[in-house]
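Asks: Please see the structure below; I have some questions.
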Amino acid sequence: MCCDWAISIRRACGALNFDRSTHHYTSRRADQAGLERRIREICEIRVRYGYRRVHVLLEREGWGTNIKRTYRIYRDLGLQLRNKTPKRRVKAKLREDRHMAVGPNDVWAMDFVHDQLAIGKKLRVLTVVDTFSRYVPVLDPRHSYRGEDVVQTLERVCQKAGYPKTIRVDQGTEFVSRDLDLWAYSKGVTLDFSRPGKPTDNAFIEAFNGRFRAECLNQHWFLTLADAREKMEDWRRYYNEERPHGAIGNKVPISLVNSGCATSPPP
């Protein structure tokens with residue numbers, strides 16, 4: 001307006017009812033790129049530190065910032081700790097974005113399915129699926145499961161099928177156990193936990209469990225535990241070697257695992 005109408009700043013501000021002090025204000029805020037970079041570096045190393053502990057470290061290093069500024073930058077960078085992780089869970093995946101599996105044994109998904117024998121005795125079936133090939137390395141029914149039983153089953157299967165890089169699981173007691181965390185740590189496997197109450201975080205295994213229940217569990221009576229294992233193993237081999245899967249171009253899962261379409265490894 002000053003240039004177009006050749007008037008002073010005082011008259012222009014008066015016409016617009018705009019405070020001249022606001023017009024003349026110059027920000028004195030220092031460049032915070034370095035501070036942002038340091039906060040991100042701290043959080044990459046200390047993944048369980050909240051903004052208060054980050055601020056303490058910044059004070060020790062002489063950054064001279066107040067805690068409100070630290071919190072604002074911490075929040076803007078998206079570093080909030082949204083989920084509490086149980087103690088001793090060393091191999092939990094934290095503050096990392098998920099990536100699509102790029103090959104077999106890259107990402108597995110694991111969960112439990114409940115059923116019962118014909119006499120009414122309960123069954124718990126450990127289901128595992130490879131999210132890249134949709135290959136099912138194991139279906140293991142038992143009357144009850146503990147963390148050490150999950151480790152035993154995984155170790156037996158992985159010795160034949162190979163160890164995955166990541167396993168997606170929910171917050172079940174068997175999956176947050178010390179036994180499974182120690183096994184994952186020793187084998188270099190990352191446990192990627194779903195958020196509580198968010199089954200869509202592990203959608204691959206949820207979709208598989210629906211097919212497993214509709215095509216196997218609802219189609220059979222299981223007389224004994226041995227009978228359940230036999231029928232589930234037959235269905236697992238059918239699923240891996242014969243059943244076309246729409247998500248992988250109507251191929252069979254085993255074709256993405258073995259180039260020669262070899263049969264599934266024994267349980």
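Identifiers for the structure tokens are assigned positionally: chains receive A, B, ... in sequence, residues are indexed from 1 per chain, and ligands are indexed from 1 in the order shown.
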Do you know which residues are at most 12 Å from A:Trp63 counting only C-alpha atoms, after dropping those on the same chain fewer than 5 positions away, and could you put them as a list in words?

Replies: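 Non-adjacent residues within range: Ala30, Gln32, Gly34, Leu35, Glu36, Arg38, Ile39, Val54, His55, Val56, Leu57, Leu58, Arg69 and Thr70 of chain A.
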
Asks: Create the file for the chosen residues now, containing C-alpha atoms and written as an mmCIF file, in the first residue's frame.

Replies:
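The resulting file, out28.cif, is reproduced below:
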data_model
loop_
_atom_site.group_PDB
_atom_site.id
_atom_site.type_symbol
_atom_site.label_atom_id
_atom_site.label_comp_id
_atom_site.auth_asym_id
_atom_site.auth_seq_id
_atom_site.Cartn_x
_atom_site.Cartn_y
_atom_site.Cartn_z
ATOM 1 C CA ALA A 30 17.740 -18.118 16.992
ATOM 2 C CA GLN A 32 16.848 -24.061 15.906
ATOM 3 C CA GLY A 34 20.974 -27.510 15.299
ATOM 4 C CA LEU A 35 18.800 -28.064 18.361
ATOM 5 C CA GLU A 36 16.327 -30.145 16.359
ATOM 6 C CA ARG A 38 20.567 -32.846 18.509
ATOM 7 C CA ILE A 39 17.171 -33.832 19.947
ATOM 8 C CA VAL A 54 16.035 -35.125 26.666
ATOM 9 C CA HIS A 55 15.892 -31.625 28.159
ATOM 10 C CA VAL A 56 18.183 -32.659 31.026
ATOM 11 C CA LEU A 57 20.783 -33.889 28.541
ATOM 12 C CA LEU A 58 20.494 -30.645 26.569
ATOM 13 C CA ARG A 69 10.858 -25.150 23.673
ATOM 14 C CA THR A 70 12.270 -28.660 24.071
#

Asks: For the helix (DSSP H, G or I) assignment from backbone DSSP, which residues of stretch 55-253 of chain A qualify? Please present them as a PyMOL selection string.

Replies: chain A and resi 55-60+67-76+147-161+178-187+199-215+217-219+225-241+246-248

Asks: For A:Leu223, which residue among A:Thr166, A:Asn17, A:Gln159, A:Gln116 is the nearest when counting only C-alpha atoms?

Replies: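 Using only C-alpha atoms, A:Leu223 sits closest to A:Gln116.
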
Asks: Please provide as JSON, numbers by chain all residues within 7 Å of stretch 239-246 of chain A, with the sequence filter that same-chain residues fewer than 3 positions apart are discarded (counting only C-alpha atoms).

Replies: {"A": [135, 136, 235, 236, 249, 250, 251, 252, 253, 254, 263, 264]}

Asks: Need the shell around A:Cys216: protein/DNA/RNA residues with any atom at most 9 Å away, counting only C-alpha atoms. Skip same-chain ones fewer than 3 positions apart. Format as JSON, numbers by chain?

Replies: {"A": [211, 212, 213, 219, 220, 231, 232, 235]}

Asks: Those residues with C-alpha atoms, as a tab-separated table (two decimals), in the first residue's frame please?

Replies:
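Final file, result_39.tsv:
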chain	number	residue	atom	x	y	z
A	211	ARG	CA	-9.59	-68.35	6.40
A	212	PHE	CA	-8.17	-70.97	8.74
A	213	ARG	CA	-11.33	-70.99	10.83
A	219	GLN	CA	-15.16	-78.13	8.70
A	220	HIS	CA	-13.87	-80.77	11.13
A	231	LYS	CA	-5.98	-82.56	10.16
A	232	MET	CA	-4.43	-79.11	10.61
A	235	TRP	CA	-4.80	-78.33	5.62
